[in-house]
Every structure is written in C-alpha cells, then in structure tokens.
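Engineer: Structure file final.cif (mmCIF, C-alpha atoms, pLDDT in the B column; chains and numbers go by the auth columns) right here:
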```cif
data_data
#
loop_
_atom_site.group_PDB
_atom_site.id
_atom_site.type_symbol
_atom_site.label_atom_id
_atom_site.label_comp_id
_atom_site.label_asym_id
_atom_site.label_seq_id
_atom_site.Cartn_x
_atom_site.Cartn_y
_atom_site.Cartn_z
_atom_site.B_iso_or_equiv
_atom_site.auth_seq_id
_atom_site.auth_asym_id
ATOM 1 C CA MET A 1 -18.840 13.439 7.372 71.00 1 A
ATOM 2 C CA GLY A 2 -21.966 12.162 9.140 83.00 2 A
ATOM 3 C CA THR A 3 -21.974 9.499 11.835 89.00 3 A
ATOM 4 C CA ILE A 4 -23.485 6.826 9.587 92.00 4 A
ATOM 5 C CA HIS A 5 -20.912 7.445 6.851 92.00 5 A
ATOM 6 C CA LEU A 6 -18.101 7.370 9.401 93.00 6 A
ATOM 7 C CA ILE A 7 -19.294 4.022 10.772 94.00 7 A
ATOM 8 C CA LEU A 8 -19.554 2.578 7.271 96.00 8 A
ATOM 9 C CA LEU A 9 -16.058 3.840 6.406 97.00 9 A
ATOM 10 C CA PHE A 10 -14.732 2.384 9.676 96.00 10 A
ATOM 11 C CA LEU A 11 -16.161 -1.022 8.768 97.00 11 A
ATOM 12 C CA ALA A 12 -14.858 -0.738 5.197 95.00 12 A
ATOM 13 C CA VAL A 13 -11.321 0.010 6.413 96.00 13 A
ATOM 14 C CA GLY A 14 -11.417 -2.987 8.754 96.00 14 A
ATOM 15 C CA LEU A 15 -12.566 -5.263 5.937 92.00 15 A
ATOM 16 C CA ILE A 16 -9.934 -3.899 3.541 91.00 16 A
ATOM 17 C CA ALA A 17 -7.162 -4.365 6.127 93.00 17 A
ATOM 18 C CA PHE A 18 -8.343 -7.942 6.650 89.00 18 A
ATOM 19 C CA LEU A 19 -8.470 -8.751 2.929 83.00 19 A
ATOM 20 C CA TYR A 20 -5.154 -7.128 2.036 83.00 20 A
ATOM 21 C CA SER A 21 -3.244 -8.519 5.007 82.00 21 A
ATOM 22 C CA SER A 22 -4.491 -11.991 4.061 77.00 22 A
ATOM 23 C CA VAL A 23 -2.548 -11.677 0.796 71.00 23 A
ATOM 24 C CA GLY A 24 0.495 -9.943 2.289 70.00 24 A
ATOM 25 C CA HIS A 25 -0.185 -6.231 1.764 81.00 25 A
ATOM 26 C CA ALA A 26 -1.013 -3.220 3.937 89.00 26 A
ATOM 27 C CA GLY A 27 -4.052 -2.033 1.957 88.00 27 A
ATOM 28 C CA ALA A 28 -3.252 1.564 0.957 89.00 28 A
ATOM 29 C CA SER A 29 -4.895 1.307 -2.455 86.00 29 A
ATOM 30 C CA GLY A 30 -7.998 -0.171 -0.803 89.00 30 A
ATOM 31 C CA TYR A 31 -8.178 2.607 1.797 94.00 31 A
ATOM 32 C CA ILE A 32 -7.754 5.188 -0.962 91.00 32 A
ATOM 33 C CA ALA A 33 -10.547 3.530 -2.948 90.00 33 A
ATOM 34 C CA ALA A 34 -12.899 3.452 0.055 92.00 34 A
ATOM 35 C CA MET A 35 -12.237 7.069 1.033 94.00 35 A
ATOM 36 C CA THR A 36 -12.669 8.104 -2.594 90.00 36 A
ATOM 37 C CA LEU A 37 -16.042 6.380 -2.811 91.00 37 A
ATOM 38 C CA PHE A 38 -17.084 8.191 0.397 92.00 38 A
ATOM 39 C CA GLY A 39 -16.217 11.508 -1.235 90.00 39 A
ATOM 40 C CA LEU A 40 -13.209 12.572 0.841 92.00 40 A
ATOM 41 C CA ALA A 41 -10.735 15.092 -0.586 88.00 41 A
ATOM 42 C CA PRO A 42 -7.435 13.757 -2.033 84.00 42 A
ATOM 43 C CA THR A 43 -5.534 15.988 0.425 85.00 43 A
ATOM 44 C CA ILE A 44 -7.125 14.069 3.312 91.00 44 A
ATOM 45 C CA ILE A 45 -6.935 10.678 1.617 92.00 45 A
ATOM 46 C CA ARG A 46 -3.154 10.660 1.116 89.00 46 A
ATOM 47 C CA PRO A 47 -1.926 11.167 4.725 92.00 47 A
ATOM 48 C CA THR A 48 -4.725 9.007 6.129 95.00 48 A
ATOM 49 C CA ALA A 49 -3.800 6.116 3.812 93.00 49 A
ATOM 50 C CA LEU A 50 -0.134 6.450 4.820 93.00 50 A
ATOM 51 C CA LEU A 51 -1.005 6.288 8.518 95.00 51 A
ATOM 52 C CA LEU A 52 -3.207 3.214 8.090 96.00 52 A
ATOM 53 C CA ASN A 53 -0.496 1.651 5.945 94.00 53 A
ATOM 54 C CA ILE A 54 2.071 2.047 8.732 95.00 54 A
ATOM 55 C CA LEU A 55 -0.179 0.268 11.215 95.00 55 A
ATOM 56 C CA VAL A 56 -1.042 -2.719 9.016 95.00 56 A
ATOM 57 C CA ALA A 57 2.419 -3.054 7.423 93.00 57 A
ATOM 58 C CA SER A 58 4.000 -3.306 10.878 94.00 58 A
ATOM 59 C CA ILE A 59 1.805 -6.334 11.577 91.00 59 A
ATOM 60 C CA GLY A 60 2.596 -7.949 8.226 85.00 60 A
ATOM 61 C CA THR A 61 6.322 -7.302 8.622 88.00 61 A
ATOM 62 C CA PHE A 62 6.391 -9.055 11.966 87.00 62 A
ATOM 63 C CA GLN A 63 4.388 -12.034 10.701 83.00 63 A
ATOM 64 C CA PHE A 64 6.577 -12.650 7.635 82.00 64 A
ATOM 65 C CA TRP A 65 9.783 -12.089 9.601 87.00 65 A
ATOM 66 C CA ARG A 66 8.670 -14.583 12.253 84.00 66 A
ATOM 67 C CA ALA A 67 7.849 -17.113 9.524 80.00 67 A
ATOM 68 C CA GLY A 68 11.410 -16.823 8.183 85.00 68 A
ATOM 69 C CA HIS A 69 10.622 -15.361 4.762 84.00 69 A
ATOM 70 C CA PHE A 70 12.373 -11.992 5.102 89.00 70 A
ATOM 71 C CA SER A 71 15.669 -11.352 3.284 93.00 71 A
ATOM 72 C CA TRP A 72 17.694 -8.377 4.489 95.00 72 A
ATOM 73 C CA LYS A 73 20.114 -8.802 1.569 94.00 73 A
ATOM 74 C CA LEU A 74 17.263 -8.344 -0.905 95.00 74 A
ATOM 75 C CA PHE A 75 15.529 -5.599 1.058 96.00 75 A
ATOM 76 C CA TRP A 76 18.166 -2.986 1.858 96.00 76 A
ATOM 77 C CA PRO A 77 19.235 -1.995 -1.709 96.00 77 A
ATOM 78 C CA PHE A 78 15.603 -1.245 -2.572 97.00 78 A
ATOM 79 C CA ALA A 79 15.013 0.641 0.682 96.00 79 A
ATOM 80 C CA LEU A 80 18.194 2.728 0.917 96.00 80 A
ATOM 81 C CA LEU A 81 17.220 5.484 -1.520 96.00 81 A
ATOM 82 C CA SER A 82 13.485 4.857 -1.341 96.00 82 A
ATOM 83 C CA ILE A 83 13.240 6.361 2.158 96.00 83 A
ATOM 84 C CA PRO A 84 14.521 9.876 1.303 96.00 84 A
ATOM 85 C CA ALA A 85 12.635 9.696 -2.009 96.00 85 A
ATOM 86 C CA ALA A 86 9.389 8.862 -0.161 95.00 86 A
ATOM 87 C CA TYR A 87 10.018 11.762 2.216 96.00 87 A
ATOM 88 C CA PHE A 88 10.385 14.112 -0.748 95.00 88 A
ATOM 89 C CA GLY A 89 7.259 12.711 -2.408 92.00 89 A
ATOM 90 C CA GLY A 90 5.297 13.186 0.800 92.00 90 A
ATOM 91 C CA TYR A 91 6.609 16.729 1.181 93.00 91 A
ATOM 92 C CA LEU A 92 5.340 17.781 -2.248 90.00 92 A
ATOM 93 C CA GLN A 93 1.807 19.149 -2.345 85.00 93 A
ATOM 94 C CA PRO A 94 0.518 18.770 -5.932 86.00 94 A
ATOM 95 C CA SER A 95 -2.816 20.248 -6.965 85.00 95 A
ATOM 96 C CA ALA A 96 -6.029 18.346 -6.243 79.00 96 A
ATOM 97 C CA SER A 97 -6.562 17.606 -9.944 84.00 97 A
ATOM 98 C CA THR A 98 -3.035 16.202 -10.289 86.00 98 A
ATOM 99 C CA LEU A 99 -3.517 14.078 -7.176 82.00 99 A
ATOM 100 C CA ARG A 100 -6.780 12.697 -8.542 82.00 100 A
ATOM 101 C CA ILE A 101 -5.106 11.561 -11.753 88.00 101 A
ATOM 102 C CA LEU A 102 -2.041 10.117 -9.973 87.00 102 A
ATOM 103 C CA ILE A 103 -4.026 8.240 -7.347 85.00 103 A
ATOM 104 C CA GLY A 104 -6.585 7.095 -9.927 87.00 104 A
ATOM 105 C CA ALA A 105 -3.796 5.646 -12.078 88.00 105 A
ATOM 106 C CA VAL A 106 -2.356 3.884 -9.026 85.00 106 A
ATOM 107 C CA LEU A 107 -5.745 2.328 -8.260 84.00 107 A
ATOM 108 C CA LEU A 108 -6.148 1.064 -11.819 89.00 108 A
ATOM 109 C CA PHE A 109 -2.593 -0.341 -11.775 84.00 109 A
ATOM 110 C CA SER A 110 -3.398 -2.092 -8.480 79.00 110 A
ATOM 111 C CA ALA A 111 -6.542 -3.576 -9.991 83.00 111 A
ATOM 112 C CA ALA A 112 -4.602 -4.916 -12.985 82.00 112 A
ATOM 113 C CA ARG A 113 -2.022 -6.438 -10.664 74.00 113 A
ATOM 114 C CA LEU A 114 -4.725 -8.196 -8.636 72.00 114 A
ATOM 115 C CA MET A 115 -6.454 -9.469 -11.781 74.00 115 A
ATOM 116 C CA PHE A 116 -3.259 -10.906 -13.257 69.00 116 A
ATOM 117 C CA ARG A 117 -1.294 -12.299 -10.328 63.00 117 A
ATOM 118 C CA ARG A 118 1.833 -14.178 -11.386 58.00 118 A
ATOM 119 C CA ARG A 119 2.714 -17.637 -10.126 67.00 119 A
ATOM 120 C CA ASP A 120 5.708 -18.283 -7.943 68.00 120 A
ATOM 121 C CA PRO A 121 8.852 -18.357 -10.148 72.00 121 A
ATOM 122 C CA GLN A 122 10.749 -21.634 -10.030 78.00 122 A
ATOM 123 C CA GLN A 123 14.137 -19.897 -9.990 86.00 123 A
ATOM 124 C CA THR A 124 15.105 -16.421 -8.817 89.00 124 A
ATOM 125 C CA PHE A 125 17.965 -14.136 -9.805 91.00 125 A
ATOM 126 C CA PRO A 126 18.639 -11.217 -7.408 89.00 126 A
ATOM 127 C CA PRO A 127 18.978 -7.820 -9.147 94.00 127 A
ATOM 128 C CA SER A 128 22.236 -5.917 -9.352 95.00 128 A
ATOM 129 C CA ARG A 129 22.777 -3.387 -6.573 95.00 129 A
ATOM 130 C CA SER A 130 22.572 -0.408 -8.947 96.00 130 A
ATOM 131 C CA THR A 131 19.282 -1.663 -10.372 96.00 131 A
ATOM 132 C CA ALA A 132 17.758 -2.183 -6.931 97.00 132 A
ATOM 133 C CA LEU A 133 18.905 1.252 -5.749 97.00 133 A
ATOM 134 C CA SER A 134 17.439 3.081 -8.749 96.00 134 A
ATOM 135 C CA VAL A 135 14.182 1.114 -8.726 96.00 135 A
ATOM 136 C CA GLY A 136 13.810 1.675 -4.989 96.00 136 A
ATOM 137 C CA ALA A 137 14.290 5.429 -5.368 96.00 137 A
ATOM 138 C CA GLY A 138 11.597 5.667 -8.039 94.00 138 A
ATOM 139 C CA LEU A 139 9.110 3.543 -6.122 93.00 139 A
ATOM 140 C CA GLY A 140 9.795 5.419 -2.892 94.00 140 A
ATOM 141 C CA PHE A 141 9.043 8.774 -4.534 94.00 141 A
ATOM 142 C CA LEU A 142 5.813 7.415 -6.018 88.00 142 A
ATOM 143 C CA ALA A 143 4.889 5.906 -2.650 89.00 143 A
ATOM 144 C CA GLY A 144 5.206 9.211 -0.802 90.00 144 A
ATOM 145 C CA LEU A 145 3.499 11.208 -3.534 88.00 145 A
ATOM 146 C CA THR A 146 0.422 8.968 -3.800 86.00 146 A
ATOM 147 C CA GLY A 147 0.191 7.659 -0.225 86.00 147 A
ATOM 148 C CA THR A 148 0.483 3.986 -1.169 84.00 148 A
ATOM 149 C CA GLY A 149 3.728 2.790 0.419 86.00 149 A
ATOM 150 C CA GLY A 150 5.008 1.355 -2.876 86.00 150 A
ATOM 151 C CA GLY A 151 4.360 -2.324 -2.198 83.00 151 A
ATOM 152 C CA ILE A 152 1.760 -2.600 -4.960 79.00 152 A
ATOM 153 C CA PHE A 153 4.557 -1.823 -7.409 82.00 153 A
ATOM 154 C CA LEU A 154 7.458 -3.637 -5.755 89.00 154 A
ATOM 155 C CA THR A 155 5.772 -7.015 -5.290 82.00 155 A
ATOM 156 C CA PRO A 156 4.768 -7.582 -8.948 81.00 156 A
ATOM 157 C CA LEU A 157 8.149 -6.242 -10.081 86.00 157 A
ATOM 158 C CA LEU A 158 10.004 -8.714 -7.848 88.00 158 A
ATOM 159 C CA LEU A 159 7.940 -11.558 -9.280 82.00 159 A
ATOM 160 C CA PHE A 160 7.909 -10.406 -12.911 80.00 160 A
ATOM 161 C CA CYS A 161 11.696 -10.000 -12.964 88.00 161 A
ATOM 162 C CA ARG A 162 12.163 -13.252 -11.006 89.00 162 A
ATOM 163 C CA TRP A 163 14.033 -11.455 -8.229 94.00 163 A
ATOM 164 C CA ALA A 164 12.161 -13.254 -5.432 90.00 164 A
ATOM 165 C CA HIS A 165 9.644 -15.979 -4.625 85.00 165 A
ATOM 166 C CA ILE A 166 6.097 -14.968 -3.662 78.00 166 A
ATOM 167 C CA ARG A 167 6.498 -15.257 0.110 80.00 167 A
ATOM 168 C CA GLN A 168 9.896 -13.577 0.050 86.00 168 A
ATOM 169 C CA ALA A 169 8.511 -10.789 -2.146 84.00 169 A
ATOM 170 C CA ALA A 170 5.637 -10.278 0.296 81.00 170 A
ATOM 171 C CA ALA A 171 8.044 -10.124 3.252 86.00 171 A
ATOM 172 C CA VAL A 172 10.343 -7.604 1.568 92.00 172 A
ATOM 173 C CA SER A 173 7.402 -5.531 0.339 89.00 173 A
ATOM 174 C CA ALA A 174 5.824 -5.407 3.799 89.00 174 A
ATOM 175 C CA LEU A 175 8.863 -3.722 5.342 94.00 175 A
ATOM 176 C CA PHE A 176 9.330 -1.592 2.198 95.00 176 A
ATOM 177 C CA ILE A 177 5.764 -0.346 2.646 93.00 177 A
ATOM 178 C CA TRP A 178 6.359 0.344 6.331 95.00 178 A
ATOM 179 C CA VAL A 179 9.537 2.410 5.999 95.00 179 A
ATOM 180 C CA ASN A 180 8.291 4.384 2.995 95.00 180 A
ATOM 181 C CA SER A 181 4.903 5.068 4.544 94.00 181 A
ATOM 182 C CA ILE A 182 6.672 6.512 7.591 96.00 182 A
ATOM 183 C CA ALA A 183 8.980 8.604 5.398 95.00 183 A
ATOM 184 C CA GLY A 184 6.077 9.828 3.267 94.00 184 A
ATOM 185 C CA LEU A 185 3.992 10.753 6.312 94.00 185 A
ATOM 186 C CA VAL A 186 6.914 12.599 7.925 95.00 186 A
ATOM 187 C CA GLY A 187 7.446 14.492 4.669 94.00 187 A
ATOM 188 C CA TYR A 188 3.756 15.400 4.530 92.00 188 A
ATOM 189 C CA PHE A 189 3.792 16.558 8.149 93.00 189 A
ATOM 190 C CA THR A 190 6.904 18.662 7.520 94.00 190 A
ATOM 191 C CA ALA A 191 5.087 20.516 4.745 91.00 191 A
ATOM 192 C CA VAL A 192 1.618 20.798 6.280 88.00 192 A
ATOM 193 C CA ARG A 193 2.307 20.567 10.044 82.00 193 A
ATOM 194 C CA SER A 194 -0.839 18.559 10.647 84.00 194 A
ATOM 195 C CA ILE A 195 -2.268 15.088 10.116 83.00 195 A
ATOM 196 C CA PRO A 196 -6.017 14.475 9.619 86.00 196 A
ATOM 197 C CA THR A 197 -7.590 13.064 12.778 89.00 197 A
ATOM 198 C CA LEU A 198 -9.595 10.684 10.607 92.00 198 A
ATOM 199 C CA GLY A 199 -6.545 8.415 10.408 91.00 199 A
ATOM 200 C CA ILE A 200 -6.474 8.041 14.181 89.00 200 A
ATOM 201 C CA VAL A 201 -10.172 7.124 14.260 91.00 201 A
ATOM 202 C CA LEU A 202 -9.808 4.568 11.465 96.00 202 A
ATOM 203 C CA GLY A 203 -6.594 3.150 12.937 95.00 203 A
ATOM 204 C CA ALA A 204 -8.443 0.833 15.300 95.00 204 A
ATOM 205 C CA ALA A 205 -10.308 -0.750 12.381 96.00 205 A
ATOM 206 C CA ALA A 206 -7.090 -1.188 10.381 96.00 206 A
ATOM 207 C CA ILE A 207 -5.235 -2.802 13.282 96.00 207 A
ATOM 208 C CA THR A 208 -8.087 -5.193 14.042 95.00 208 A
ATOM 209 C CA GLY A 209 -8.538 -6.206 10.414 93.00 209 A
ATOM 210 C CA GLY A 210 -4.774 -6.510 9.920 91.00 210 A
ATOM 211 C CA PHE A 211 -4.309 -8.840 12.883 89.00 211 A
ATOM 212 C CA ILE A 212 -7.205 -11.096 11.932 89.00 212 A
ATOM 213 C CA GLY A 213 -6.292 -11.156 8.250 82.00 213 A
ATOM 214 C CA SER A 214 -2.604 -11.908 8.805 77.00 214 A
ATOM 215 C CA HIS A 215 -3.435 -14.780 11.150 74.00 215 A
ATOM 216 C CA LEU A 216 -6.450 -16.342 9.459 70.00 216 A
ATOM 217 C CA GLY A 217 -7.187 -14.905 6.020 52.00 217 A
ATOM 218 C CA SER A 218 -4.253 -16.314 4.104 52.00 218 A
ATOM 219 C CA ARG A 219 -4.934 -19.813 5.447 58.00 219 A
ATOM 220 C CA HIS A 220 -8.684 -20.098 4.964 58.00 220 A
ATOM 221 C CA PHE A 221 -9.742 -17.862 2.061 57.00 221 A
ATOM 222 C CA PRO A 222 -9.030 -18.288 -1.675 63.00 222 A
ATOM 223 C CA THR A 223 -6.739 -15.392 -2.562 58.00 223 A
ATOM 224 C CA ARG A 224 -7.862 -15.403 -6.196 64.00 224 A
ATOM 225 C CA THR A 225 -11.453 -14.584 -5.245 68.00 225 A
ATOM 226 C CA ILE A 226 -10.314 -11.882 -2.832 64.00 226 A
ATOM 227 C CA GLY A 227 -8.119 -10.375 -5.533 67.00 227 A
ATOM 228 C CA ILE A 228 -10.959 -10.155 -8.055 75.00 228 A
ATOM 229 C CA LEU A 229 -13.305 -8.504 -5.534 70.00 229 A
ATOM 230 C CA LEU A 230 -10.674 -5.982 -4.511 67.00 230 A
ATOM 231 C CA ALA A 231 -9.804 -5.257 -8.132 79.00 231 A
ATOM 232 C CA THR A 232 -13.447 -4.464 -8.901 81.00 232 A
ATOM 233 C CA VAL A 233 -13.568 -1.857 -6.129 73.00 233 A
ATOM 234 C CA LEU A 234 -10.260 -0.352 -7.252 80.00 234 A
ATOM 235 C CA ILE A 235 -11.452 -0.015 -10.857 87.00 235 A
ATOM 236 C CA ILE A 236 -14.608 1.805 -9.752 82.00 236 A
ATOM 237 C CA ALA A 237 -12.710 4.167 -7.451 81.00 237 A
ATOM 238 C CA GLY A 238 -9.869 4.773 -9.916 84.00 238 A
ATOM 239 C CA ALA A 239 -12.279 5.594 -12.730 86.00 239 A
ATOM 240 C CA LYS A 240 -14.255 7.874 -10.394 79.00 240 A
ATOM 241 C CA LEU A 241 -11.105 9.834 -9.517 79.00 241 A
ATOM 242 C CA ILE A 242 -9.841 10.218 -13.069 84.00 242 A
ATOM 243 C CA LEU A 243 -13.225 11.069 -14.630 80.00 243 A
ATOM 244 C CA THR A 244 -14.484 13.410 -11.885 68.00 244 A
ATOM 245 C CA ARG A 245 -13.867 17.101 -12.561 57.00 245 A
#
```
I need this file expressed as structure tokens, please.
Structural biologist:
Amino acid sequence: MGTIHLILLFLAVGLIAFLYSSVGHAGASGYIAAMTLFGLAPTIIRPTALLLNILVASIGTFQFWRAGHFSWKLFWPFALLSIPAAYFGGYLQPSASTLRILIGAVLLFSAARLMFRRRDPQQTFPPSRSTALSVGAGLGFLAGLTGTGGGIFLTPLLLFCRWAHIRQAAAVSALFIWVNSIAGLVGYFTAVRSIPTLGIVLGAAAITGGFIGSHLGSRHFPTRTIGILLATVLIIAGAKLILTR
C-alpha cells in the first residue's frame, strides 16, 4: 500500500471510529468496509478490524459504565459462551472466497440495521438464561469468524426482542464487542502466530476518533443522518465483496 493510500485509510478509520462511537459502537463493520474499498485482502482485514474494535470498544465500555447504563445481570449470560465461541471463530481460517461472502453479508446486514433503527421500547423483558447463553454463543462465533465483535447483531436483537432499552443495549453491546474481539484476535493469533502491523498503525486513528466521538458526537450530531451515511458505505463495500471474484 502506497503512502497516500495509507494516509487516506488512516483518516477514514479515524472518521469511522468517531461516527460509530457517537452512536455507541466500535466500528468493525466500518473498518472492514474502508479496508475493502482500499483493496486489502480479507485475511488482513479480519484481524485488523478486531484490533481496532478492541481499542474503540474499551473507550465506549468505560463511557457507558461511567454513565450508569451498564447491566451486569443482562451482560454475563450473553458473554459466557460467546467468549470461547469467538476464540474458535477467530481460530478458523476459511478460504478467501468464503470470507468475502461472510463479511459482505455482515456489511449488508449492518447497513440494513442502520437504515431501520428501532425506537427505544417502552417496556423490557429480560431473556431467559438459556436463551441468552445460546444466542451469545452463536453471536460470539460469528464475531470471531468475521472480525466484527458481534455488537452489530446483539444491539438490534436486544431492541427487537425488547430485552433492553437503547442506552442499556449500547452499554451491554460495547463490553460484548470488547471481550469477543479479544477472544477472536487471540484465536486468530493462535492459528497464524502473527498480527498484521497495519492494525498498530491505524490504532492511533481509531483511539483518537473513538475518544472524540464518545464525548462529543452523540450529543451534537443527528444519529439518523450518520446512520444513513454509514449504511451507504457499507452497502457499497458489501456488494463489492460479494460480487468480486
């Protein structure tokens, strides 16, 4: 990758971290979309997205916890089996064509979620422990396999099923993303014994964007507009992955 492309990708990652953190997410699908549009290989994209996710999710977790929105009782049943499942998903090394289809589908799902955000449910009904455990395991495996952290699936599920309010869902998802991104990255490292240095370079941009977004973005920018812009990028990148041979 040339210097100009690297600088542009650095700026894109910072902007994505800012936008996603302003609406309570770590940005994995956005990083994947950006790296896809810059022509990086899926085998580099996945571990790099996980690393960036860890950095930004740690910021979001702290912010939501400090604001008093985190619920340990809601979080731990989803996380218990998701962590080993994410490790296993990260350990697996599917073919490049399979990764393209999986990640492309994740990007399109993310775009749909951003386009059709649900309103805060008036009443919530926590899931049964067995349901949370099984759902968490499935989302954890998908998180490690695709490099997304799983929050893009957990948040809409919590809201759709009326298991949590929006802020509580964001708080639980932030820590869910963090623990599963770590597990997925450890699983990847166990299998490959290396992590692309690109993630270290882009980490500074993700941290900067994450801090600014978590402090200012959610208070001063219309989240609906941000969601539509992000969804447009995700659709382009997802279609590019699935249709490219």
Engineer: So, counting only C-alpha atoms, which residue among A:Ala237, A:Ala105, A:Val179, A:Ile16 is closest to A:Gly39?
Structural biologist: A:Ala237
Engineer: Would you compute the distance between atom CA of A:Phe160 and atom CA of A:Leu114? Give it in Å to one decimal.
Structural biologist: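 Computed distance, atom CA of A:Phe160 to atom CA of A:Leu114, equals 13.5 Å.
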Engineer: Using all atoms listed in the file, which protein or nucleic acid residues come within 12 Å of stretch 57-61 of chain A? Drop anything in the same chain fewer than 4 positions from it, and give the result as a PyMOL selection string.
Structural biologist: chain A and resi 17-18+20-28+49-53+65-71+148-151+167-182+206-215+218
Engineer: To one decimal place, how far is atom CA of A:Pro127 from atom CA of A:Leu74 in Å?
Structural biologist: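 We find that atom CA of A:Pro127 and atom CA of A:Leu74 lie 8.4 Å from each other.
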Engineer: At a cut-off of 12 Å around the point (-2.0, 13.9, -8.1) (file coordinates), what residues fall inside when counting all atoms listed in the file? I'd like the answer as an MDAnalysis selection string.
Structural biologist: chainID A and resid 41:43 45:46 89:90 92:106 142:147 241:242
Engineer: Grab the atom CA of A:Pro156 to atom CA of A:Leu107 distance for me, in Å with one decimal place.
Structural biologist: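 Interatomic distance, atom CA of A:Pro156 to atom CA of A:Leu107: 14.5 Å.
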